[in-house]
Amino acid sequence: MRIDKFLADNSIGTRREIKALIRAGRITAGEDVVSDPGMHIDPEKDIISYDGNVISYEKNHYFMLNKPSGVVSSTKEGASRTVVELLSGEGVKGLSPVGRLDKDTEGLLLLTDDGALLHDLISPSKHVEKEYLVITESPVGEDDMERLREGVDIGDDKPTLPAKAFMEGDGLHLVICEGRFHQVKRMLEAVGNRVVYLKRLRMGGLKLDEQLEKGGYRKLSPEEISLLQKGGKH
């Protein structure tokens with residue numbers, strides 16, 4: 001990897017700014033002052049420093065966000081604020097949300113620049129579980145939960161896959177392993193009800209960190225990343 005790309009990927013500056021830093025002798029590789037922006041390095045072995053501070057190399061980045069209502073789960077959405085904008089202070093390029101939450105849905109959302117993991121987590125063939133807290137307009141009875149467990153017709157070419165449905169606290173907990181458009185809302189409509197509040201609590205084995213305020217985020221721990229890479233089974 002070129003050292004100027006390495007520095008840019010680590011948010012040290014633009015290519016022009018990095019060239020100026022190199023000319024000023026502020027970048028070192030090991031004990032040597034870097035003089036060539038095109039110098040090739042091994043980011044996993046070479047020790048690169050800026051003003052004497054070692055720059056840690058992260059090939060990929062993984063964040064957990066407690067998504068607030070009113071924010072769009074995409075990278076660009078016209079005038080609406082996006083989840084990627086909430087993490088703009090991290091200076092990480094290429095972040096994408098893992099799946100989508102509706103604009104008015106809150107809770108767990110992962111963002112990463114690891115394309116392979118993103119694909120695995122949203123691939124229908126992987127059957128990664130997503131657990132939601134669902135507050136409904138009317139009480140959900142046992143008969144309705146049994147219908148949700150068996151799969152319901154939401155107007156697509158086939159019914160939803162069997163889900164887990166149970167009452168806990170003040171609301172319905174619904175666990176699905178698909179990601180169809182507005183799926184939870186449409187499933188409740190299929191049993192004659194309406195969702196008034198929706199929050200994602202879990203994806204695979206990863207649970208929302210309830211210490212995160214709405215709009216708050218943090219990096220995933222190595223253990224959490226490993227859990228997702230192993231398939232995120234609960």
# chains A, B, ... in the order shown; residues from 1 in each chain; ligands from 1
$ residues_around --residues "stretch 46-54 of chain A" --least-positions-apart "5" --cutoff "9 Å" --atoms "only C-alpha atoms" --output "PyMOL selection string"
chain A and resi 3+7+12+21+25-31+41
$ write_last_selection --atoms "C-alpha atoms" --output "PDB file, in the first residue's frame"
ATOM      1  CA  ILE A   3       1.929   5.500   2.366  1.00  0.00           C
ATOM      2  CA  LEU A   7      -2.465   8.074   5.819  1.00  0.00           C
ATOM      3  CA  ILE A  12      -4.600  12.168   8.585  1.00  0.00           C
ATOM      4  CA  LEU A  21       3.263  16.753   6.011  1.00  0.00           C
ATOM      5  CA  GLY A  25       9.361  15.601   7.712  1.00  0.00           C
ATOM      6  CA  ARG A  26       6.460  14.866  10.070  1.00  0.00           C
ATOM      7  CA  ILE A  27       5.840  11.294   8.869  1.00  0.00           C
ATOM      8  CA  THR A  28       8.147   8.422   9.747  1.00  0.00           C
ATOM      9  CA  ALA A  29       8.284   4.744   8.852  1.00  0.00           C
ATOM     10  CA  GLY A  30      10.111   2.991  11.643  1.00  0.00           C
ATOM     11  CA  GLU A  31      13.013   5.333  12.451  1.00  0.00           C
ATOM     12  CA  ILE A  41       4.580  -0.017   3.046  1.00  0.00           C
TER      13      ILE A  41
END
$ closest_atom_pairs --of "stretch 199-228 of chain A" --to "stretch 99-109 of chain A" --cutoff "8 Å" --atoms "only C-alpha atoms" --output "CSV"
residue,atom,partner,partner_atom,distance
A:Lys199,CA,A:Glu106,CA,4.6
A:Arg200,CA,A:Gly107,CA,4.7
A:Leu201,CA,A:Leu108,CA,5.8
A:Arg202,CA,A:Leu108,CA,6.6
A:Met203,CA,A:Leu108,CA,7.6
A:Lys207,CA,A:Leu108,CA,7.5
A:Leu208,CA,A:Leu108,CA,5.2
A:Lys214,CA,A:Gly107,CA,7.9
$ residues_around --residues "A:Pro222" --least-positions-apart "3" --cutoff "12 Å" --atoms "only C-alpha atoms" --output "list in words"
Glu58, Asn60, His61, Tyr62, Phe63, Lys219, Ile225, Ser226, Leu227, Leu228 and Gln229 of chain A
$ atom_distance --atom1 "atom CA of A:Glu44" --atom2 "atom CA of A:Ser56"
9.1 Å
$ select_by_dssp --residues "stretch 4-48 of chain A" --states "helix (DSSP H, G or I)" --output "list in words"
Asp4, Lys5, Phe6, Leu7, Ala8, Asp9, Arg15, Arg16, Glu17, Ile18, Lys19, Ala20, Leu21, Ile22 and Arg23 of chain A
$ residues_around --residues "A:Lys59" --least-positions-apart "3" --cutoff "12 Å" --atoms "only C-alpha atoms" --output "PyMOL selection string"
chain A and resi 1+6+9-10+42-44+56+62+92-94+112-115
$ residues_around --residues "A:Arg180" --least-positions-apart "3" --cutoff "12 Å" --atoms "only C-alpha atoms" --output "PDB file with C-alpha atoms, in the first residue's frame"
ATOM      1  CA  GLY A  99     -29.400  -3.732   6.231  1.00  0.00           C
ATOM      2  CA  ARG A 100     -31.970  -0.991   6.640  1.00  0.00           C
ATOM      3  CA  LEU A 101     -34.176   0.260   9.410  1.00  0.00           C
ATOM      4  CA  ASP A 102     -37.178   2.383   8.478  1.00  0.00           C
ATOM      5  CA  ILE A 122     -27.917  -9.484   4.984  1.00  0.00           C
ATOM      6  CA  SER A 123     -27.901 -12.532   2.699  1.00  0.00           C
ATOM      7  CA  PRO A 124     -31.291 -14.327   2.866  1.00  0.00           C
ATOM      8  CA  LYS A 130     -33.204  -9.933  13.937  1.00  0.00           C
ATOM      9  CA  ILE A 154     -47.801  -9.953   3.511  1.00  0.00           C
ATOM     10  CA  GLY A 155     -48.659  -9.629  -0.170  1.00  0.00           C
ATOM     11  CA  ASP A 156     -45.414 -10.999  -1.596  1.00  0.00           C
ATOM     12  CA  ASP A 157     -45.103 -14.097  -3.752  1.00  0.00           C
ATOM     13  CA  LYS A 158     -44.713 -16.276  -0.655  1.00  0.00           C
ATOM     14  CA  PRO A 159     -45.541 -16.074   3.070  1.00  0.00           C
ATOM     15  CA  THR A 160     -42.950 -14.968   5.590  1.00  0.00           C
ATOM     16  CA  LEU A 161     -40.732 -17.619   7.098  1.00  0.00           C
ATOM     17  CA  ILE A 176     -37.380 -12.813  12.049  1.00  0.00           C
ATOM     18  CA  CYS A 177     -34.616 -14.059   9.763  1.00  0.00           C
ATOM     19  CA  GLN A 183     -41.639  -6.615   6.983  1.00  0.00           C
ATOM     20  CA  VAL A 184     -42.507  -6.278  10.679  1.00  0.00           C
ATOM     21  CA  LYS A 185     -45.147  -3.633  10.008  1.00  0.00           C
ATOM     22  CA  ARG A 186     -46.678  -5.722   7.232  1.00  0.00           C
ATOM     23  CA  MET A 187     -46.677  -8.854   9.406  1.00  0.00           C
TER      24      MET A 187
END
$ residues_around --residues "A:Leu110" --least-positions-apart "2" --cutoff "6 Å" --atoms "only C-alpha atoms" --output "PDB file with N, CA and C atoms, in the first residue's frame"
ATOM      1  N   PHE A  63     -18.961  -0.554  13.708  1.00  0.00           N
ATOM      2  CA  PHE A  63     -19.596   0.298  14.698  1.00  0.00           C
ATOM      3  C   PHE A  63     -21.012  -0.186  14.991  1.00  0.00           C
ATOM      4  N   MET A  64     -21.404  -0.038  16.261  1.00  0.00           N
ATOM      5  CA  MET A  64     -22.778  -0.247  16.683  1.00  0.00           C
ATOM      6  C   MET A  64     -23.398   1.116  16.930  1.00  0.00           C
ATOM      7  N   PRO A  97     -24.480   0.961   6.214  1.00  0.00           N
ATOM      8  CA  PRO A  97     -25.313   0.265   7.199  1.00  0.00           C
ATOM      9  C   PRO A  97     -25.539  -1.174   6.783  1.00  0.00           C
ATOM     10  N   VAL A  98     -25.592  -2.067   7.756  1.00  0.00           N
ATOM     11  CA  VAL A  98     -25.856  -3.482   7.502  1.00  0.00           C
ATOM     12  C   VAL A  98     -27.365  -3.675   7.513  1.00  0.00           C
TER      13      VAL A  98
END
$ select_by_dssp --residues "stretch 52-221 of chain A" --states "strand (DSSP E or B)" --output "PyMOL selection string"
chain A and resi 53-54+62-67+72+82+96-97+106-112+130-136+164-168+171-176+195-203+206-207+217-219
$ write_last_selection --atoms "N, CA and C atoms" --output "compact mmCIF listing (two decimals), in the first residue's frame"
# COMPACT_ATOMS: atom_id res chain seq x y z
N ASN A 53 3.58 10.06 16.89
CA ASN A 53 2.45 9.25 17.36
C ASN A 53 2.18 8.12 16.38
N VAL A 54 2.23 6.89 16.87
CA VAL A 54 2.03 5.73 16.00
C VAL A 54 0.58 5.69 15.52
N TYR A 62 -15.87 -1.36 12.41
CA TYR A 62 -17.16 -1.92 12.79
C TYR A 62 -17.75 -1.07 13.92
N PHE A 63 -18.96 -0.55 13.71
CA PHE A 63 -19.60 0.30 14.70
C PHE A 63 -21.01 -0.19 14.99
N MET A 64 -21.40 -0.04 16.26
CA MET A 64 -22.78 -0.25 16.68
C MET A 64 -23.40 1.12 16.93
N LEU A 65 -24.55 1.35 16.31
CA LEU A 65 -25.28 2.61 16.46
C LEU A 65 -26.64 2.33 17.08
N ASN A 66 -27.03 3.17 18.04
CA ASN A 66 -28.40 3.15 18.54
C ASN A 66 -29.16 4.17 17.69
N LYS A 67 -29.74 3.68 16.61
CA LYS A 67 -30.36 4.57 15.63
C LYS A 67 -31.58 5.29 16.23
N VAL A 72 -32.21 8.33 8.30
CA VAL A 72 -32.36 7.36 7.22
C VAL A 72 -31.19 6.38 7.21
N THR A 82 -28.63 11.09 7.44
CA THR A 82 -28.38 9.66 7.32
C THR A 82 -27.59 9.13 8.51
N SER A 96 -21.04 1.59 5.48
CA SER A 96 -22.39 1.33 5.01
C SER A 96 -23.18 0.67 6.13
N PRO A 97 -24.48 0.96 6.21
CA PRO A 97 -25.31 0.27 7.20
C PRO A 97 -25.54 -1.17 6.78
N GLU A 106 -36.19 2.61 15.53
CA GLU A 106 -35.02 2.87 16.36
C GLU A 106 -34.25 1.57 16.62
N GLY A 107 -33.08 1.74 17.28
CA GLY A 107 -32.37 0.58 17.79
C GLY A 107 -31.10 0.21 17.06
N LEU A 108 -30.76 -1.06 17.20
CA LEU A 108 -29.46 -1.59 16.76
C LEU A 108 -29.28 -1.49 15.25
N LEU A 109 -28.19 -0.82 14.86
CA LEU A 109 -27.79 -0.80 13.46
C LEU A 109 -26.28 -0.89 13.41
N LEU A 110 -25.77 -1.82 12.63
CA LEU A 110 -24.33 -1.97 12.44
C LEU A 110 -23.91 -1.19 11.21
N LEU A 111 -22.73 -0.58 11.28
CA LEU A 111 -22.13 0.08 10.13
C LEU A 111 -20.70 -0.41 9.99
N THR A 112 -20.31 -0.73 8.76
CA THR A 112 -18.98 -1.28 8.52
C THR A 112 -18.52 -0.97 7.10
N LYS A 130 -33.06 -11.31 13.49
CA LYS A 130 -33.20 -9.93 13.94
C LYS A 130 -34.38 -9.88 14.91
N GLU A 131 -34.11 -9.38 16.12
CA GLU A 131 -35.15 -9.31 17.15
C GLU A 131 -35.61 -7.88 17.33
N TYR A 132 -36.94 -7.70 17.36
CA TYR A 132 -37.54 -6.38 17.48
C TYR A 132 -38.48 -6.31 18.68
N LEU A 133 -38.49 -5.15 19.32
CA LEU A 133 -39.54 -4.80 20.27
C LEU A 133 -40.62 -4.08 19.49
N VAL A 134 -41.85 -4.60 19.57
CA VAL A 134 -42.95 -4.06 18.78
C VAL A 134 -44.06 -3.60 19.71
N ILE A 135 -44.37 -2.32 19.67
CA ILE A 135 -45.53 -1.79 20.40
C ILE A 135 -46.64 -1.62 19.37
N THR A 136 -47.78 -2.21 19.67
CA THR A 136 -48.87 -2.25 18.70
C THR A 136 -50.07 -1.43 19.16
N LYS A 164 -40.29 -16.12 15.57
CA LYS A 164 -40.49 -16.31 17.00
C LYS A 164 -41.27 -15.11 17.50
N ALA A 165 -42.27 -15.34 18.30
CA ALA A 165 -43.09 -14.25 18.82
C ALA A 165 -43.44 -14.54 20.27
N PHE A 166 -43.16 -13.58 21.14
CA PHE A 166 -43.47 -13.75 22.55
C PHE A 166 -43.62 -12.38 23.21
N MET A 167 -44.39 -12.34 24.28
CA MET A 167 -44.59 -11.10 25.02
C MET A 167 -43.55 -11.02 26.13
N GLU A 168 -42.95 -9.84 26.26
CA GLU A 168 -41.97 -9.61 27.32
C GLU A 168 -42.05 -8.13 27.71
N GLY A 171 -44.30 -5.16 25.62
CA GLY A 171 -44.51 -5.28 24.19
C GLY A 171 -44.25 -6.66 23.64
N LEU A 172 -44.54 -6.78 22.36
CA LEU A 172 -44.29 -8.01 21.62
C LEU A 172 -42.83 -8.04 21.18
N HIS A 173 -42.19 -9.19 21.33
CA HIS A 173 -40.86 -9.40 20.78
C HIS A 173 -41.02 -10.32 19.58
N LEU A 174 -40.57 -9.84 18.43
CA LEU A 174 -40.70 -10.59 17.19
C LEU A 174 -39.30 -10.83 16.63
N VAL A 175 -38.99 -12.09 16.35
CA VAL A 175 -37.67 -12.47 15.83
C VAL A 175 -37.87 -13.04 14.43
N ILE A 176 -37.26 -12.37 13.44
CA ILE A 176 -37.38 -12.81 12.05
C ILE A 176 -35.99 -13.05 11.48
N VAL A 195 -48.38 -1.32 13.89
CA VAL A 195 -47.20 -0.99 14.69
C VAL A 195 -47.20 0.52 14.97
N VAL A 196 -47.03 0.87 16.25
CA VAL A 196 -46.92 2.29 16.62
C VAL A 196 -45.50 2.64 17.08
N TYR A 197 -44.70 1.63 17.40
CA TYR A 197 -43.30 1.86 17.78
C TYR A 197 -42.52 0.59 17.49
N LEU A 198 -41.32 0.76 16.92
CA LEU A 198 -40.51 -0.39 16.54
C LEU A 198 -39.05 -0.12 16.86
N LYS A 199 -38.42 -1.10 17.51
CA LYS A 199 -37.02 -0.95 17.91
C LYS A 199 -36.30 -2.28 17.72
N ARG A 200 -35.18 -2.27 17.04
CA ARG A 200 -34.40 -3.50 16.88
C ARG A 200 -33.47 -3.67 18.07
N LEU A 201 -33.52 -4.86 18.66
CA LEU A 201 -32.77 -5.16 19.87
C LEU A 201 -31.55 -6.03 19.62
N ARG A 202 -31.60 -6.84 18.57
CA ARG A 202 -30.54 -7.85 18.38
C ARG A 202 -30.40 -8.17 16.90
N MET A 203 -29.16 -8.49 16.51
CA MET A 203 -28.89 -9.02 15.17
C MET A 203 -27.91 -10.16 15.35
N LEU A 206 -25.54 -10.48 18.50
CA LEU A 206 -25.14 -9.15 18.98
C LEU A 206 -26.37 -8.38 19.44
N LYS A 207 -26.34 -7.98 20.72
CA LYS A 207 -27.44 -7.22 21.29
C LYS A 207 -27.10 -5.74 21.34
N TYR A 217 -23.04 5.88 19.46
CA TYR A 217 -22.43 4.72 18.80
C TYR A 217 -21.10 4.40 19.47
N ARG A 218 -20.60 3.22 19.18
CA ARG A 218 -19.27 2.80 19.66
C ARG A 218 -18.72 1.75 18.72
N LYS A 219 -17.40 1.55 18.80
CA LYS A 219 -16.78 0.48 18.04
C LYS A 219 -17.17 -0.87 18.64
